[in-house]
Amino acid sequence: MKKKKVKKKIIDNVNNRQQTHQPLCIREMEFPIKSTVDKYQLLPAFLKVRGLVKQHIDSFNYFINCEIKKIIHATGNEKVTSDVDPNFYLKYLDIFVGEPCVEQDYIYEPITPHQCRLRDMTYAAPISVDVEYTRGREIVVRRGKEGKQEGALVIGRMPLMLRSCRCVLSGKNEAQLAKAGECPLDPGGYFVVKGTEKVILIQEQLSKNRIIIDTDSSGNVAASVTSSTHERKSKTNIIVKHERIFLRHNTFSDDVPIVVVLKAMGMESDQEIVQMVGRDPKYAGILAPSLQECSALGIHTQQQALEYLGVKKLLSCLYTGLLGVLQVDEARDILATVVLAHVPVHQFEFRPKCIYIAVIIRKMLEAMLNTDAVDDKDYVGNKRLELAGQLLALLFEDLFKRMNGELKKSVDMTLAKANRSTQFDIAKCIRPDFLSNGLEHAISSGNWTVKRFKMDRKGVTQVVSRLSFIAALGHMTRITSQFEKTRKVSGPRALQPSQWGMLCPCDTPEGEACGLVKNLALMTHVTTDEEEGPLIALCTTLGVEDLSMLSGEELHSQHTYIVFFNGIILGVHRRPQRFAETLRKLRRAGKIGEFVSIHVNPGQHSIHIASDGGRVCRPLVIADNGVSRIKEHHMKELKDGFRTFDDFLREGLVEYLDVNEENNSLIALYEADATPATTHIEIEPFTILGVCAGLIPYPHHNQSPRNTYQCAMGKQAMGNIAYNQLHRIDTLLYLLVYPQRPLLTTKTIELVGYDKLGAGQNATVAVMSYSGYDIEDAIVMNKASLDRGFGRCIVLKKSVTALKKYNNRTADRIVAPDMNTSAKGGVQVAPRHQIQDRDGIAAVGEMIRPGDIYINKQSPINTRDNVMNPQAMPDSAYKRTPQTYKGPPGECAVVDKVLLTSNDENHFIVKCLIRHTRRPEVGDKFSSRHGQKGVCGTIVQQEDFPFSERGICPDLIMNPHGFPSRMTVGKMIELLGGKAGVMSGRFHYGSAFGEPSGHADTVSAISETLVNHGFSYSGKDFIYSGITGYPLQAYIFMGPVYYQKLKHMVLDKMHARARGPRVVLTRQPTEGRSREGGLRLGEMERDCLIAYGASMMILERLMISSDQFQIQVCTKCGMMGYYNHKLKIALCTYCKSGENMATMKLPYACKLLFQELQSMNILPRLQLSEA
Amino acid sequence: MENVSYQRFPTVRIRDMKDDVMKFELRDTDASVANALRRIMIAEVPTLAIDLVEIETNSSVLNDEFLAHRLGLIPLISDRAMEMRLSRDCDACDGDGRCDFCSIEFHLNVKCTSEQTLDVTSHDLQSSDPDVVPVDSAGRQADVSGFDPPEHRGILIVKLRKGQELKLRAIARKGIGKDHAKWSPAATVTFQYEPDIHINETLMESLSLDEKREWVESSPTKVFELDPISQQVVVVDPEAYTYDEEVIKKAEAMGKPGLVEIYSKEDSFIFTVESTGAIKASQMFINAIEILKSKLDAVRLAFDTEEADDQFGELGAHMRGGGM
């Protein structure tokens, strides 16, 4: 709410300036100058400590160090007991995730992520547990020493996140990373599973354990609470039906009146209920029908209410089968543990839960009276982001529980046996495969199934997109939503004002996922869980009055605020502002966690304290009375390296605010805009954009969808992928031969390292019409530029061959190239085998053409039956299964790399990397950084290109029609700034909203530079035609613009066919480019031909050129016969004669249909007439 | 009208001539002639460039095609290019590029043995012909200024780390810029029309000194100057004028249209020719004229046969090809 005011103020300022242009300058001088400290330096400092994917790594670290320990110590997980032997137990004492290593021949060897990528292995570390268990009579304790695995019990392997605290890469410097084969600019935050890089996408969800007031489809107010504890997840709804309030929960077969529930919880008096909700007559009136209903049902006591609920509960509930448990007890148990499970109930003390329900009802009644009180589900403060750590914790807990279940089963089985030969040792029963495979499979497939919570999510993980550096980086910051994509509601897709500064407003895909897939902004941090106990204790010492001592009257009195802590009501406080201020002071002093948020909601008379994980927050500079706490000397110390970002945090100069707390603050964009009411000042305005949008120069001058298009296209641009790109063997890798750093940069580019791993080239662009091959966004390219390496790219394709081992102990093998004996008797290498070395694998550096065999593999014919001597089988026992290269015909590629290694399962694998260098051709796709894509329309000789009297000749020509409708003014400024940059030898900046803070060069400054170097201020040049030598009629806007080559190239797409393969079944041409298929004359095209009356054309297209077939038809019986080639006559098998036979042509598919019909006892007869 | 001669006698006046840059005026001719010369210099003056690379060992970071492309773009001293044969027209060899008439062989054999990065430059290319060597403009300048230390000269091909090796054989051939930009001897060839500037003195005198100064400064390039003594506006460098019309617009804005009139002389051109170093800039121009003449000869000869092709009409001209 308050943010709007700031914006308003800025607008007012602008208006002021416009109205009183001259006098303002003088007036400004009269005021004391507020020192505007350049706070930009905070950003690199922030990214140094936090990094761009810190949220992933933090979350994973938290899981590995804390959460995993909580899981094994949770009740129900900690002990494995036996039903057979009451003396038996296994107790988990501690758990520890070790260093990444691999077991090979019973030896543990450390591994690096890059080895895993190359060898198709999983980058994982053993999970070891300290246990205490009984073996016979004795109690055994197995404990690891100082975090070492020795002695401890290994229960599985945990895939490790790169750059997490257990990763070998953490804390390494650039040289050490290079030694490990890793790129220092790679952010980490993903997993390597079976050689593929997998990222667990950030999942967006509605907050857990919070009351959300909403309206249902019929417009009635409904409240929902999704409770989530370690033991249980459940959703409780409180709804309004026929003006009465009900509780809806899936443990009850029907909606139950809320008053009955309250009575069942021990709040028997109607007066108390009304008091709890609020004595105000306006509330009591709405509540009356509900109370009446309860008394109409004849329920007055707790016992009666519980009996009522006992009937209503679903049969398939917890204790079915356990006889002797009364229905009343069951109902009470459900109320205690299932309904609103997150509100703790100790020994059936229901009072906190009663108050909780009362507060919900009060909120609902408020919402009924005032629709503004309805919560916004799309509000970012009501959302939580689920990160890798949380998701893995869910999965791990489930697997751990199941493993313990299995363990118990096997214990029971063994102990049930009467006489055992050896002492039973449970340590030998543990199968580490179960956990390892479960985790590995979930990450590699992306299917998250936790049956306990009825969770079944697909597509949680994705393969890290390595198309360009930015694509990989953008992938780490992506957020997907759990909403189904098909629904056509605009709410969740719309840009929320509360996303400001947290989520990038530009970066979202187009189409069905539009607005549902989002990206984090540059400075966003996602919190992890924080210890609750100390915070609760602190709140109580700061004067929160405990709930159990309060009556309803006190709860809702005018001056008290209810204190919520992570969704649970702690109590009330009489001086809310002071309480909030004290807590904030403690946070700034570092006494409580920096991510704890305190939000005072005066409208609802409540204070919300949150320390749960998954909230988005961002750092802001604290201001006192509108004066920033950061002074010049602080920044100087930062620059000199005496200060880090953490020091700023510790000293209370900067703090993290989450979306809710932002609503309690007044944030000024710049210090100059601050008023005495201002509480915070933004660090830098361009940080509202994310990584992908940060690459765009002057995005604030563009039409907004153009920035969105560029965010999608930047991910398809070719360039450098990583410093280790030439050591990688990826399925498909696109590299640019001469990538450049953009002449017009932004601060974001420098921060993320795009200037080191660029994906594009600075092309001199002339905005003019040329040749007519430039319509519809096509561009005309200069042949000489292409000759000199513009847009040249390398495509690297991988092909893997595994030498399989079969069950009968036979295996595939690779043999020397085939030899042909020539006519003269000499021996030659067979034609398709020439590129192979003597070992039967293609030699590195050989040119490879389509059809060449690059691995001369053979497989055993018999892979089932036992073979006597699998090592020395005769050659005849093998069949050829060579690996043949399939590429575009006529193109010649080169074998770049061959890797021989073995994977996790000890299979021998051969990876071949095949390289193809391409120069741009007509039809290749290019784009600038402003969502202006276009294909190359034609390539023109340099001498035909226009030139200026300085001799400057553009690299490409772009049609001016691209500008008016797209309104990409940013591109024009980029051109201007690029030109000035070239002339002055200084990289110009175009950061978003950067003009006031000096992070973007202004057009007037650029024009001045241009004029100083003898150019027109407008960036237009006087140009001569290269064809005639005459000057052109107009001045041409010309200068350098950063152009990206996109991955879509004609070579991969072009396709035509005259003759070719056909489908076996129908004999019609195959479909699709990969199968050299035909181009379909479809239904609509056929309709056109029919309408036109081109019957012969239809016949030719649909039959003659497709699947024409000649059959023999018996004119007598109308069935198909056959042609006997021996007797040279046609015969009918039904009539057993060759008379009355006729020949006709029909589509083969038609003949097939007839035969298929015959096979199901339908006889189509052909009645022929004379043609 | 039949026998009217359009013959003109163009003149060339050389203003400035260095090995790699030349500036001259071309007068009394048409834009078509000037442009033809420009186009020929860019696209049709032959030079030598590496065209075929056989790589024996390459353990550098750059791949084979990458290296071949870089080698191709190294300009070679091509004074011999005019009399050499195009490899496809060579009678001595079958165009496989192994004869002195059409090809020059280069060898490169470098291995890095020290801990320091080794720069492989065009100096490491060993030529079979002492006349055809990579251009070394930096080296030439270094002789004069002593600016660059000798080991940093030459055109960088690739950098090697310890243990990396590069061994290859390259063949340079004659070619023209039309086929590939590596055969273009021209770094820059451009011309401009000579501007003809007339200041209306009477109007100019009506301006105050400040107005004059303002007007003079309105031109982004230094074309006019205010004489400090006579306080008159004089044209100091007409060629600096970039036809930006800023001064004309300024004059109009000052309410003095017609203060200055600027035309371009339709028949005189100021050329700037800059060579890659493969051949001297002056030689490049001479060669261009030579080629233009031979092309004109071809047209003249074709004229005789044109009658025979008359039956094809316009198509005939197309069939013969517009160019050569």
# chains A, B, ... in the order shown; residues from 1 in each chain; ligands from 1
call {"tool": "residues_around", "arguments": {"residues": "stretch 375-377 of chain A", "least_positions_apart": "5", "cutoff": "8 Å", "atoms": "only C-alpha atoms", "output": "MDAnalysis selection string"}}
result
chainID A and resid 206 212:214 382:383
call {"tool": "interface_residues", "arguments": {"of": "chain A", "to": "chain B", "cutoff": "8 Å", "atoms": "only C-alpha atoms", "output": "MDAnalysis selection string"}}
result
chainID A and resid 737 783:785 787:788 845 917 941:944 947:952 1011:1016 1021:1022 1026:1030
call {"tool": "atom_distance", "arguments": {"atom1": "atom CA of A:Gly719", "atom2": "atom CA of A:Gly760"}}
result
6.1 Å
call {"tool": "select_by_dssp", "arguments": {"residues": "stretch 47-117 of chain A", "states": "strand (DSSP E)", "output": "PyMOL selection string"}}
result
chain A and resi 79-81+89-97+101-104+107-110
call {"tool": "write_last_selection", "arguments": {"atoms": "N, CA, C and O atoms", "output": "mmCIF file, in the first residue's frame"}}
result
data_model
loop_
_atom_site.group_PDB
_atom_site.id
_atom_site.type_symbol
_atom_site.label_atom_id
_atom_site.label_comp_id
_atom_site.auth_asym_id
_atom_site.auth_seq_id
_atom_site.Cartn_x
_atom_site.Cartn_y
_atom_site.Cartn_z
ATOM 1 N N LYS A 79 13.192 -45.182 15.828
ATOM 2 C CA LYS A 79 13.427 -46.537 16.304
ATOM 3 C C LYS A 79 12.786 -47.553 15.368
ATOM 4 O O LYS A 79 11.696 -47.336 14.862
ATOM 5 N N VAL A 80 13.484 -48.646 15.175
ATOM 6 C CA VAL A 80 12.893 -49.781 14.487
ATOM 7 C C VAL A 80 12.771 -50.891 15.519
ATOM 8 O O VAL A 80 13.753 -51.253 16.151
ATOM 9 N N THR A 81 11.532 -51.370 15.714
ATOM 10 C CA THR A 81 11.337 -52.431 16.697
ATOM 11 C C THR A 81 10.728 -53.641 16.000
ATOM 12 O O THR A 81 10.394 -53.572 14.819
ATOM 13 N N TYR A 89 15.674 -53.786 19.245
ATOM 14 C CA TYR A 89 15.439 -52.423 18.737
ATOM 15 C C TYR A 89 16.665 -51.944 17.972
ATOM 16 O O TYR A 89 17.777 -52.439 18.158
ATOM 17 N N LEU A 90 16.394 -50.982 17.092
ATOM 18 C CA LEU A 90 17.481 -50.289 16.380
ATOM 19 C C LEU A 90 17.190 -48.811 16.517
ATOM 20 O O LEU A 90 16.083 -48.364 16.207
ATOM 21 N N LYS A 91 18.148 -48.088 17.005
ATOM 22 C CA LYS A 91 17.906 -46.671 17.247
ATOM 23 C C LYS A 91 18.930 -45.859 16.453
ATOM 24 O O LYS A 91 20.121 -46.137 16.488
ATOM 25 N N TYR A 92 18.411 -44.860 15.752
ATOM 26 C CA TYR A 92 19.308 -43.971 15.001
ATOM 27 C C TYR A 92 19.779 -42.874 15.945
ATOM 28 O O TYR A 92 18.964 -42.183 16.551
ATOM 29 N N LEU A 93 21.061 -42.734 16.077
ATOM 30 C CA LEU A 93 21.606 -41.710 16.973
ATOM 31 C C LEU A 93 21.942 -40.430 16.224
ATOM 32 O O LEU A 93 21.683 -39.334 16.687
ATOM 33 N N ASP A 94 22.504 -40.604 15.054
ATOM 34 C CA ASP A 94 22.912 -39.421 14.290
ATOM 35 C C ASP A 94 23.002 -39.802 12.819
ATOM 36 O O ASP A 94 23.107 -40.987 12.489
ATOM 37 N N ILE A 95 22.945 -38.791 11.987
ATOM 38 C CA ILE A 95 23.056 -39.048 10.537
ATOM 39 C C ILE A 95 24.024 -38.038 9.953
ATOM 40 O O ILE A 95 24.132 -36.910 10.444
ATOM 41 N N PHE A 96 24.687 -38.448 8.911
ATOM 42 C CA PHE A 96 25.742 -37.595 8.369
ATOM 43 C C PHE A 96 25.899 -37.869 6.879
ATOM 44 O O PHE A 96 25.963 -39.020 6.464
ATOM 45 N N VAL A 97 25.900 -36.814 6.119
ATOM 46 C CA VAL A 97 26.161 -36.966 4.680
ATOM 47 C C VAL A 97 27.632 -36.676 4.451
ATOM 48 O O VAL A 97 28.131 -35.627 4.848
ATOM 49 N N CYS A 101 31.980 -39.460 -3.203
ATOM 50 C CA CYS A 101 32.952 -40.472 -3.590
ATOM 51 C C CYS A 101 32.242 -41.591 -4.324
ATOM 52 O O CYS A 101 31.018 -41.652 -4.373
ATOM 53 N N VAL A 102 33.028 -42.436 -4.905
ATOM 54 C CA VAL A 102 32.474 -43.559 -5.633
ATOM 55 C C VAL A 102 33.191 -44.823 -5.190
ATOM 56 O O VAL A 102 34.386 -44.793 -4.896
ATOM 57 N N GLU A 103 32.436 -45.891 -5.109
ATOM 58 C CA GLU A 103 33.035 -47.156 -4.695
ATOM 59 C C GLU A 103 33.424 -47.943 -5.932
ATOM 60 O O GLU A 103 32.601 -48.165 -6.816
ATOM 61 N N GLN A 104 34.665 -48.270 -6.009
ATOM 62 C CA GLN A 104 35.122 -49.055 -7.140
ATOM 63 C C GLN A 104 35.988 -50.184 -6.604
ATOM 64 O O GLN A 104 37.001 -49.926 -5.949
ATOM 65 N N ILE A 107 36.920 -49.978 -3.036
ATOM 66 C CA ILE A 107 37.751 -48.854 -2.606
ATOM 67 C C ILE A 107 36.956 -47.580 -2.859
ATOM 68 O O ILE A 107 36.337 -47.432 -3.909
ATOM 69 N N TYR A 108 36.961 -46.691 -1.880
ATOM 70 C CA TYR A 108 36.263 -45.423 -2.077
ATOM 71 C C TYR A 108 37.214 -44.402 -2.661
ATOM 72 O O TYR A 108 38.295 -44.183 -2.134
ATOM 73 N N GLU A 109 36.765 -43.812 -3.759
ATOM 74 C CA GLU A 109 37.604 -42.795 -4.383
ATOM 75 C C GLU A 109 36.818 -41.508 -4.467
ATOM 76 O O GLU A 109 35.633 -41.522 -4.809
ATOM 77 N N PRO A 110 37.457 -40.380 -4.162
ATOM 78 C CA PRO A 110 36.732 -39.114 -4.310
ATOM 79 C C PRO A 110 36.438 -38.821 -5.783
ATOM 80 O O PRO A 110 37.238 -39.176 -6.662
#
call {"tool": "closest_residue", "arguments": {"among": "A:Ser465, A:Asn1140, A:Thr582, A:Asn959", "to": "A:Tyr734", "atoms": "only C-alpha atoms"}}
result
A:Ser465
call {"tool": "select_by_dssp", "arguments": {"residues": "stretch 31-140 of chain B", "states": "helix (DSSP H, G or I)", "output": "ChimeraX atom specification"}}
result
/B:31-43,64-72,81-83,87-89,122-124,137-140
call {"tool": "residues_around", "arguments": {"residues": "A:Ala1056", "least_positions_apart": "3", "cutoff": "12 Å", "atoms": "only C-alpha atoms", "output": "PyMOL selection string"}}
result
chain A and resi 1053+1059-1060+1071-1080
call {"tool": "residues_around", "arguments": {"residues": "A:Ala1149", "least_positions_apart": "6", "cutoff": "8 Å", "atoms": "only C-alpha atoms", "output": "count of residues only"}}
result
4
call {"tool": "closest_residue", "arguments": {"among": "A:Ile71, A:Met549, A:Ile139, A:Leu247", "to": "A:Gln390", "atoms": "only C-alpha atoms"}}
result
A:Ile71
call {"tool": "atom_distance", "arguments": {"atom1": "atom CA of A:Asp378", "atom2": "atom CA of A:Pro492"}}
result
5.7 Å
call {"tool": "closest_residue", "arguments": {"among": "A:Ile853, A:Met364, A:Ala893, A:Leu52", "to": "A:Gly690", "atoms": "only C-alpha atoms"}}
result
A:Leu52
